[in-house]
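> Have a peek at input_6.txt (compact mmCIF, C-alpha atoms and all ligand atoms).
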# COMPACT_ATOMS: atom_id res chain seq x y z
CA MET Z 1 -67.82 -177.46 -120.90
CA ASN Z 2 -69.13 -175.68 -117.82
CA SER Z 3 -68.18 -176.62 -114.26
CA LYS Z 4 -71.41 -178.65 -113.83
CA SER Z 5 -70.28 -181.07 -116.50
CA LEU Z 6 -66.73 -181.55 -115.13
CA PRO Z 7 -65.95 -185.09 -114.03
CA SER Z 8 -66.43 -185.33 -110.24
CA GLN Z 9 -62.73 -185.97 -109.51
CA ILE Z 10 -61.74 -182.56 -111.01
CA SER Z 11 -61.92 -179.89 -108.31
CA THR Z 12 -62.99 -176.36 -109.21
CA SER Z 13 -62.10 -174.93 -105.78
CA ALA Z 14 -59.11 -172.63 -105.20
CA PRO Z 15 -55.73 -174.41 -105.09
CA GLU Z 16 -54.57 -175.49 -101.62
CA ARG Z 17 -52.42 -172.77 -100.02
CA LYS Z 18 -48.78 -173.82 -99.93
CA ALA Z 19 -46.88 -173.87 -96.65
CA MET Z 20 -44.45 -170.96 -96.30
CA THR Z 21 -40.80 -171.81 -96.80
CA LEU Z 22 -37.64 -169.74 -96.58
CA HIS Z 23 -37.44 -169.89 -100.39
CA ARG Z 24 -40.96 -168.43 -100.69
CA LEU Z 25 -40.26 -165.70 -98.14
CA LEU Z 26 -37.08 -164.66 -99.97
CA ALA Z 27 -38.94 -164.74 -103.31
CA MET Z 28 -41.67 -162.51 -101.81
CA HIS Z 29 -38.97 -160.14 -100.65
CA ARG Z 30 -37.32 -160.06 -104.09
CA ALA Z 31 -40.72 -159.42 -105.70
CA GLY Z 32 -41.35 -156.50 -103.32
CA GLU Z 33 -44.28 -158.14 -101.51
CA LYS Z 34 -44.46 -156.99 -97.89
CA ILE Z 35 -44.15 -159.72 -95.25
CA ALA Z 36 -46.84 -159.75 -92.53
CA MET Z 37 -45.61 -161.16 -89.21
CA LEU Z 38 -47.32 -161.30 -85.83
CA THR Z 39 -46.30 -162.78 -82.52
CA CYS Z 40 -48.18 -165.90 -81.49
CA TYR Z 41 -47.91 -168.02 -78.38
CA ASP Z 42 -50.58 -170.76 -78.51
CA ALA Z 43 -52.39 -173.18 -80.80
CA GLY Z 44 -55.75 -171.36 -80.72
CA PHE Z 45 -54.34 -168.09 -82.02
CA ALA Z 46 -52.03 -169.97 -84.40
CA LYS Z 47 -55.15 -171.41 -86.09
CA LEU Z 48 -56.72 -167.93 -86.38
CA LEU Z 49 -53.56 -166.30 -87.71
CA ASP Z 50 -53.00 -169.15 -90.15
CA ALA Z 51 -56.58 -168.95 -91.44
CA ALA Z 52 -56.16 -165.19 -91.93
CA GLY Z 53 -53.04 -165.83 -94.03
CA VAL Z 54 -50.26 -164.38 -91.89
CA ASP Z 55 -46.87 -165.11 -93.47
CA VAL Z 56 -44.80 -165.52 -90.31
CA MET Z 57 -45.62 -166.27 -86.65
CA LEU Z 58 -43.01 -165.20 -84.16
CA VAL Z 59 -43.10 -167.09 -80.87
CA GLY Z 60 -41.46 -164.14 -79.17
CA ASP Z 61 -39.98 -163.99 -75.71
CA SER Z 62 -42.40 -161.07 -75.31
CA LEU Z 63 -44.55 -163.88 -73.90
CA GLY Z 64 -42.71 -163.19 -70.64
CA MET Z 65 -44.47 -159.83 -70.45
CA VAL Z 66 -47.69 -160.63 -72.33
CA LEU Z 67 -48.52 -164.06 -70.88
CA GLN Z 68 -46.39 -164.41 -67.76
CA GLY Z 69 -46.77 -160.89 -66.36
CA HIS Z 70 -43.06 -160.07 -66.00
CA ASP Z 71 -41.92 -156.51 -66.57
CA SER Z 72 -39.19 -157.58 -69.02
CA THR Z 73 -38.31 -160.57 -71.22
CA ILE Z 74 -35.27 -161.44 -69.10
CA PRO Z 75 -36.90 -164.12 -66.86
CA VAL Z 76 -38.17 -166.23 -69.80
CA SER Z 77 -36.71 -169.76 -69.84
CA LEU Z 78 -35.80 -172.00 -72.75
CA ASP Z 79 -38.29 -174.58 -71.41
CA ALA Z 80 -41.09 -171.99 -71.65
CA MET Z 81 -40.06 -171.03 -75.19
CA ALA Z 82 -39.95 -174.67 -76.32
CA TYR Z 83 -43.40 -175.26 -74.78
CA HIS Z 84 -44.97 -172.28 -76.60
CA VAL Z 85 -43.21 -173.06 -79.90
CA GLY Z 86 -44.75 -176.55 -79.68
CA CYS Z 87 -48.23 -175.10 -79.02
CA VAL Z 88 -47.98 -172.75 -82.02
CA ALA Z 89 -46.54 -175.42 -84.31
CA ARG Z 90 -49.48 -177.72 -83.51
CA GLY Z 91 -52.03 -175.00 -84.36
CA ASN Z 92 -50.29 -173.84 -87.53
CA ARG Z 93 -50.36 -175.39 -91.00
CA HIS Z 94 -48.99 -172.81 -93.42
CA ALA Z 95 -47.09 -169.95 -91.75
CA TRP Z 96 -43.33 -169.80 -91.17
CA VAL Z 97 -42.66 -170.16 -87.43
CA ILE Z 98 -39.78 -168.36 -85.70
CA GLY Z 99 -38.75 -169.37 -82.18
CA ASP Z 100 -37.07 -166.71 -80.06
CA LEU Z 101 -33.95 -167.75 -78.18
CA PRO Z 102 -34.45 -166.34 -74.68
CA PHE Z 103 -31.96 -164.45 -72.53
CA GLY Z 104 -29.23 -166.75 -71.21
CA SER Z 105 -29.77 -169.47 -73.82
CA TYR Z 106 -27.09 -168.35 -76.35
CA GLN Z 107 -24.87 -165.74 -74.68
CA ALA Z 108 -22.45 -168.20 -73.03
CA SER Z 109 -21.03 -169.93 -76.11
CA THR Z 110 -21.69 -171.10 -79.65
CA GLU Z 111 -22.22 -174.59 -78.28
CA GLN Z 112 -24.90 -173.34 -75.88
CA ALA Z 113 -26.59 -171.50 -78.77
CA LEU Z 114 -26.57 -174.69 -80.89
CA LEU Z 115 -28.11 -176.76 -78.12
CA SER Z 116 -30.77 -174.12 -77.39
CA ALA Z 117 -31.63 -173.66 -81.07
CA THR Z 118 -31.91 -177.44 -81.40
CA ARG Z 119 -34.55 -177.46 -78.63
CA LEU Z 120 -36.67 -174.85 -80.45
CA MET Z 121 -36.28 -176.51 -83.86
CA GLN Z 122 -37.28 -179.88 -82.39
CA ALA Z 123 -40.31 -178.21 -80.77
CA GLY Z 124 -41.46 -177.10 -84.24
CA ALA Z 125 -39.70 -173.80 -85.11
CA HIS Z 126 -38.54 -173.29 -88.70
CA MET Z 127 -36.04 -170.57 -87.74
CA VAL Z 128 -34.62 -169.10 -84.54
CA LYS Z 129 -34.19 -165.44 -83.63
CA LEU Z 130 -31.48 -163.96 -81.47
CA GLU Z 131 -30.78 -160.41 -80.31
CA GLY Z 132 -27.67 -158.32 -80.77
CA GLY Z 133 -24.88 -157.58 -83.23
CA GLY Z 134 -21.10 -157.94 -83.34
CA TRP Z 135 -20.55 -160.78 -80.88
CA THR Z 136 -23.52 -162.70 -82.36
CA ALA Z 137 -22.06 -163.01 -85.89
CA PRO Z 138 -19.97 -166.17 -85.20
CA ILE Z 139 -22.99 -167.75 -83.46
CA VAL Z 140 -25.21 -166.98 -86.46
CA ARG Z 141 -22.61 -168.49 -88.81
CA ALA Z 142 -22.37 -171.68 -86.70
CA LEU Z 143 -26.16 -172.12 -86.57
CA VAL Z 144 -26.62 -171.50 -90.30
CA GLU Z 145 -23.75 -173.85 -91.22
CA ARG Z 146 -25.56 -176.57 -89.26
CA GLY Z 147 -28.86 -176.07 -91.08
CA ILE Z 148 -30.66 -173.75 -88.67
CA PRO Z 149 -32.09 -170.63 -90.35
CA VAL Z 150 -31.51 -167.49 -88.30
CA CYS Z 151 -33.36 -164.21 -87.91
CA ALA Z 152 -31.22 -161.49 -86.30
CA HIS Z 153 -32.69 -158.72 -84.13
CA LEU Z 154 -31.13 -155.23 -83.88
CA GLY Z 155 -32.11 -151.76 -82.66
CA LEU Z 156 -33.94 -151.96 -79.35
CA THR Z 157 -33.05 -155.44 -78.11
CA PRO Z 158 -35.31 -155.96 -75.07
CA GLN Z 159 -33.06 -158.60 -73.46
CA SER Z 160 -30.48 -155.78 -73.04
CA VAL Z 161 -32.98 -153.28 -71.61
CA HIS Z 162 -30.88 -152.57 -68.52
CA ALA Z 163 -27.71 -152.00 -70.55
CA LEU Z 164 -29.62 -149.72 -72.94
CA GLY Z 165 -31.08 -147.64 -70.12
CA GLY Z 166 -34.71 -148.49 -70.86
CA TYR Z 167 -36.96 -148.98 -73.90
CA ARG Z 168 -35.41 -146.13 -75.89
CA ILE Z 169 -35.14 -145.35 -79.59
CA GLN Z 170 -31.84 -146.70 -80.98
CA GLY Z 171 -29.60 -145.45 -83.82
CA ARG Z 172 -30.62 -141.81 -83.41
CA ASP Z 173 -27.13 -140.32 -83.76
CA ASP Z 174 -24.67 -140.90 -86.61
CA ALA Z 175 -22.40 -143.20 -84.60
CA GLY Z 176 -25.32 -145.37 -83.39
CA ALA Z 177 -26.78 -145.58 -86.90
CA ALA Z 178 -23.37 -146.51 -88.40
CA THR Z 179 -22.88 -149.30 -85.82
CA LEU Z 180 -26.34 -150.66 -86.52
CA LEU Z 181 -25.72 -150.68 -90.29
CA ALA Z 182 -22.34 -152.37 -89.83
CA HIS Z 183 -23.82 -155.03 -87.52
CA ALA Z 184 -26.70 -155.69 -89.94
CA LYS Z 185 -24.32 -156.22 -92.89
CA GLU Z 186 -22.08 -158.48 -90.83
CA LEU Z 187 -25.06 -160.60 -89.70
CA ALA Z 188 -26.33 -160.94 -93.28
CA GLU Z 189 -22.83 -161.97 -94.38
CA ALA Z 190 -22.74 -164.52 -91.53
CA GLY Z 191 -25.87 -166.10 -93.04
CA ALA Z 192 -28.84 -164.51 -91.25
CA THR Z 193 -31.74 -164.66 -93.72
CA MET Z 194 -34.04 -162.23 -91.92
CA LEU Z 195 -33.56 -159.23 -89.66
CA VAL Z 196 -36.00 -157.72 -87.16
CA VAL Z 197 -35.30 -154.06 -86.35
CA GLU Z 198 -37.05 -152.49 -83.39
CA LEU Z 199 -37.58 -148.86 -82.38
CA ILE Z 200 -35.30 -146.98 -84.75
CA PRO Z 201 -35.86 -143.83 -86.83
CA THR Z 202 -37.86 -144.27 -90.04
CA ALA Z 203 -34.92 -143.02 -92.16
CA LEU Z 204 -32.59 -145.64 -90.67
CA GLY Z 205 -35.21 -148.37 -91.21
CA ARG Z 206 -35.30 -147.36 -94.86
CA GLU Z 207 -31.50 -147.24 -95.24
CA LEU Z 208 -31.11 -150.67 -93.64
CA THR Z 209 -33.81 -152.19 -95.84
CA GLU Z 210 -32.31 -150.71 -99.00
CA SER Z 211 -28.75 -151.74 -98.15
CA LEU Z 212 -29.43 -155.41 -97.31
CA ASN Z 213 -30.56 -158.20 -99.61
CA ILE Z 214 -32.45 -160.06 -96.85
CA PRO Z 215 -35.95 -159.13 -95.59
CA VAL Z 216 -35.92 -156.49 -92.86
CA ILE Z 217 -38.99 -156.71 -90.62
CA GLY Z 218 -39.75 -153.55 -88.70
CA ILE Z 219 -41.44 -152.88 -85.38
CA GLY Z 220 -41.35 -149.17 -84.76
CA ALA Z 221 -38.94 -148.80 -87.70
CA GLY Z 222 -41.20 -147.00 -90.20
CA PRO Z 223 -43.09 -148.04 -93.31
CA PHE Z 224 -40.14 -148.70 -95.65
CA CYS Z 225 -39.12 -152.09 -94.22
CA SER Z 226 -39.70 -155.34 -96.14
CA GLY Z 227 -42.39 -156.32 -93.64
CA GLN Z 228 -43.82 -155.57 -90.23
CA VAL Z 229 -44.33 -157.33 -86.92
CA LEU Z 230 -46.43 -156.39 -83.90
CA VAL Z 231 -47.06 -158.11 -80.59
CA LEU Z 232 -50.46 -159.81 -81.03
CA HIS Z 233 -51.90 -158.64 -77.70
CA ASP Z 234 -50.92 -155.02 -78.49
CA MET Z 235 -52.61 -154.93 -81.90
CA LEU Z 236 -55.73 -156.64 -80.49
CA GLY Z 237 -56.05 -154.02 -77.73
CA VAL Z 238 -55.55 -156.60 -74.95
CA THR Z 239 -52.45 -154.92 -73.50
CA ARG Z 240 -53.37 -152.24 -70.94
CA GLY Z 241 -51.50 -149.06 -70.09
CA ARG Z 242 -49.48 -146.78 -72.31
CA LEU Z 243 -48.30 -148.43 -75.52
CA PRO Z 244 -45.46 -147.31 -77.78
CA ARG Z 245 -46.54 -145.02 -80.62
CA PHE Z 246 -45.69 -147.67 -83.25
CA VAL Z 247 -48.62 -149.85 -82.06
CA ARG Z 248 -52.00 -149.59 -83.76
CA ASN Z 249 -55.05 -151.17 -82.12
CA PHE Z 250 -56.73 -153.02 -84.99
CA MET Z 251 -59.73 -153.83 -82.75
CA SER Z 252 -60.58 -150.18 -82.11
CA ASP Z 253 -63.34 -150.12 -84.75
CA GLY Z 254 -65.13 -152.97 -82.97
CA ALA Z 255 -64.02 -155.59 -85.45
CA SER Z 256 -63.83 -159.29 -84.59
CA VAL Z 257 -60.44 -160.80 -83.80
CA GLU Z 258 -60.43 -162.46 -87.24
CA ALA Z 259 -61.27 -159.16 -88.98
CA ALA Z 260 -58.58 -157.30 -87.01
CA ILE Z 261 -55.91 -159.84 -87.99
CA SER Z 262 -57.02 -159.80 -91.65
CA ARG Z 263 -56.96 -156.01 -91.63
CA TYR Z 264 -53.45 -155.98 -90.17
CA ILE Z 265 -52.23 -158.34 -92.92
CA ALA Z 266 -53.95 -156.30 -95.65
CA ASP Z 267 -52.59 -153.00 -94.30
CA VAL Z 268 -49.03 -154.33 -94.04
CA LYS Z 269 -49.25 -155.74 -97.58
CA SER Z 270 -50.63 -152.49 -99.03
CA GLY Z 271 -48.11 -150.39 -97.11
CA SER Z 272 -50.79 -148.40 -95.29
CA PHE Z 273 -49.55 -149.67 -91.90
CA PRO Z 274 -47.43 -148.28 -90.39
CA ASP Z 275 -48.03 -144.65 -91.25
CA ALA Z 276 -44.74 -142.74 -90.89
CA ALA Z 277 -46.49 -139.69 -89.45
CA LEU Z 278 -48.49 -141.62 -86.85
CA HIS Z 279 -46.28 -144.58 -85.98
CA GLY Z 280 -42.75 -143.50 -86.95
CA TYR Z 281 -39.83 -141.78 -85.19
O1 LIG S 1 -40.34 -161.13 -78.47
C1 LIG S 1 -40.92 -160.53 -79.37
O2 LIG S 1 -42.15 -160.53 -79.48
C2 LIG S 1 -40.12 -159.78 -80.32
C3 LIG S 1 -40.82 -158.79 -81.19
C4 LIG S 1 -41.17 -157.60 -80.40
C5 LIG S 1 -40.04 -158.45 -82.41
O3 LIG S 1 -38.94 -159.94 -80.37
Could I get this file's structure written as structure tokens?
Ligand code: KIV

Amino acid sequence: MNSKSLPSQISTSAPERKAMTLHRLLAMHRAGEKIAMLTCYDAGFAKLLDAAGVDVMLVGDSLGMVLQGHDSTIPVSLDAMAYHVGCVARGNRHAWVIGDLPFGSYQASTEQALLSATRLMQAGAHMVKLEGGGWTAPIVRALVERGIPVCAHLGLTPQSVHALGGYRIQGRDDAGAATLLAHAKELAEAGATMLVVELIPTALGRELTESLNIPVIGIGAGPFCSGQVLVLHDMLGVTRGRLPRFVRNFMSDGASVEAAISRYIADVKSGSFPDAALHGY
């Protein structure tokens, strides 16, 4: 029987893409499939990213710099994050959505973190992200125990830019690398099911990825991580001025926005982005 003679109720089109779940992300990680993540802040781009097949959209507090024009992420409010999470959730159908807890929304207490995470989950996030290690482990445990999946964020943690002395590479010396590894293991033990690592040496990105059993998503952490994330406006060439070396402009060959996003996903999946020599430390 050829497809022309199939009864009309039998569809021959490709099966409907399934919505991403934590189970699927962890299965991808176990199978060695790279995870492609991009930041996203509104419904229009959420539709484009979703159609291109991005695995994870991060509603990052980078929106403070990218959309609001601040020179750091520190002024971003929880109200603004909840608003943008809602916009992205309404534009998205399939991707996993992470809502970033902004500065001042989880530092005071575990109770404050729970209330803030609740706001982002009710706005449409599937998981929340928070920066820092050590003091964050009990907060991560409390969120996870109450059914809120958590992505940790180590290395360069932009909310601590003034304490870190600027946007500098982290974990360069043995002591810094050892602390980072210890914090990462503690956060995974506390229940974090994903870790973003930012601006660290390629070798440390590899060691972290190999020593943890949760996906490690790199940004300026070399090609050996379980997946990659970039700020959308950076990889689309919208951001002006000097960009960190880990950024690649996927629009530079004159591609459309859709083609640039598809290329990013394909290059992360194949492992050809980032290139250690060009984008690593
Ligand atoms: O806020 C953000 O966009 C982030 C990424 C840079 C990882 O945290």
> Compile the contact shell of Ile74 (chain Z) as a PDB file with C-alpha atoms, keeping the file's coordinate frame: residues with an atom at most 8 Å away, counting all atoms listed in the file, same-chain residues fewer than 2 positions apart removed.

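Written file, result.pdb:
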ATOM      1  CA  GLY Z  64     -42.710-163.190 -70.640  1.00  0.00           C
ATOM      2  CA  SER Z  72     -39.190-157.580 -69.020  1.00  0.00           C
ATOM      3  CA  VAL Z  76     -38.170-166.230 -69.800  1.00  0.00           C
ATOM      4  CA  PRO Z 102     -34.450-166.340 -74.680  1.00  0.00           C
ATOM      5  CA  PHE Z 103     -31.960-164.450 -72.530  1.00  0.00           C
ATOM      6  CA  GLN Z 159     -33.060-158.600 -73.460  1.00  0.00           C
TER       7      GLN Z 159
END
> Considering only C-alpha atoms, state which residue in the set Z:Ile265, Z:Leu208, Z:Met194, Z:Val66 is at the smallest distance from Leu26 (chain Z).
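Of Z:Ile265, Z:Leu208, Z:Met194, Z:Val66, the one nearest Leu26 (chain Z) is Z:Met194, counting only C-alpha atoms.
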> With 4 Å of padding per side, what axis-aligned box (centre and edge lengths, Å, one decimal) covers all the listed atoms of region 108-124 of chain Z? Give it as lines of an AutoDock Vina configuration file.

center_x = -31.2
center_y = -174.0
center_z = -78.6
size_x = 28.4
size_y = 19.7
size_z = 19.2
> Give as number ranges by chain the residues surrounding ligand LIG 1 (chain S) up to a distance of 9 Å, considering all atoms listed in the file.
Z: 38-40, 58-64, 73, 100, 102, 129-131, 153, 157-158, 196-198, 217-219, 229-232
> Would you kindly return, as an MDAnalysis selection string, each protein, DNA or RNA residue with an atom no farther than 10 Å from any atom of region 272-274 of chain Z, considering all atoms listed in the file and excluding same-chain residues fewer than 6 positions away?
chainID Z and resid 218:225 227:228 246:248 263:266 280
> Thr110 (chain Z): which residues within 10 Å, counting only C-alpha atoms, same-chain residues fewer than 2 positions away excluded, as a ChimeraX atom specification?
/Z:106-108,112-116,136,138-143
> How many Å lie between CA of Pro201 (chain Z) and CA of Ala152 (chain Z), rounded to one decimal?
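Taking CA of Pro201 (chain Z) and CA of Ala152 (chain Z), their separation equals 18.3 Å.
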> Looking at all atoms listed in the file, which of Z:Gly166, Z:Gly176, Z:Gly124, Z:Gly44 is the one that sits closest to Gly86 (chain Z)?
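Closest to Gly86 (chain Z), using all atoms listed in the file: Z:Gly124.
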> To one decimal place in Å, what is the distance between CA of Ser226 (chain Z) and CA of Glu33 (chain Z)?
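Computing the Euclidean distance for CA of Ser226 (chain Z) and CA of Glu33 (chain Z) yields 7.6 Å.
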> Which residue gives the smallest distance to Glu210 (chain Z) among Z:Thr21, Z:Gly271, Z:Arg30, Z:Pro75, with all atoms listed in the file counted?
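Counting all atoms listed in the file, the residue closest to Glu210 (chain Z) is Z:Arg30.
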> Nearest residue to Ala46 (chain Z) out of Z:Ile261, Z:Leu195, Z:Leu164, Z:Ile214, using all atoms listed in the file?
Z:Ile261
> Write out as a VMD selection string each polymer residue whose atoms come within 10 Å of Val238 (chain Z), counting only C-alpha atoms; drop sequence neighbours fewer than 3 positions from it.
chain Z and resid 66 232 to 235 241 249 251
> What's the 10 Å shell around Arg90 (chain Z), counting only C-alpha atoms, without same-chain residues fewer than 2 positions away, as a list in words?
Asp42, Ala43, Gly44, Ala46, Lys47, His84, Val85, Gly86, Cys87, Val88, Asn92, Arg93, Ala123 and Gly124 of chain Z
> Which residue out of Z:Val56, Z:Ala192, Z:Leu204, Z:Leu22 has the minimum interatomic distance to Ala95 (chain Z) when all atoms listed in the file are used?
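Comparing Z:Val56, Z:Ala192, Z:Leu204, Z:Leu22 against Ala95 (chain Z), the winner is Z:Val56.
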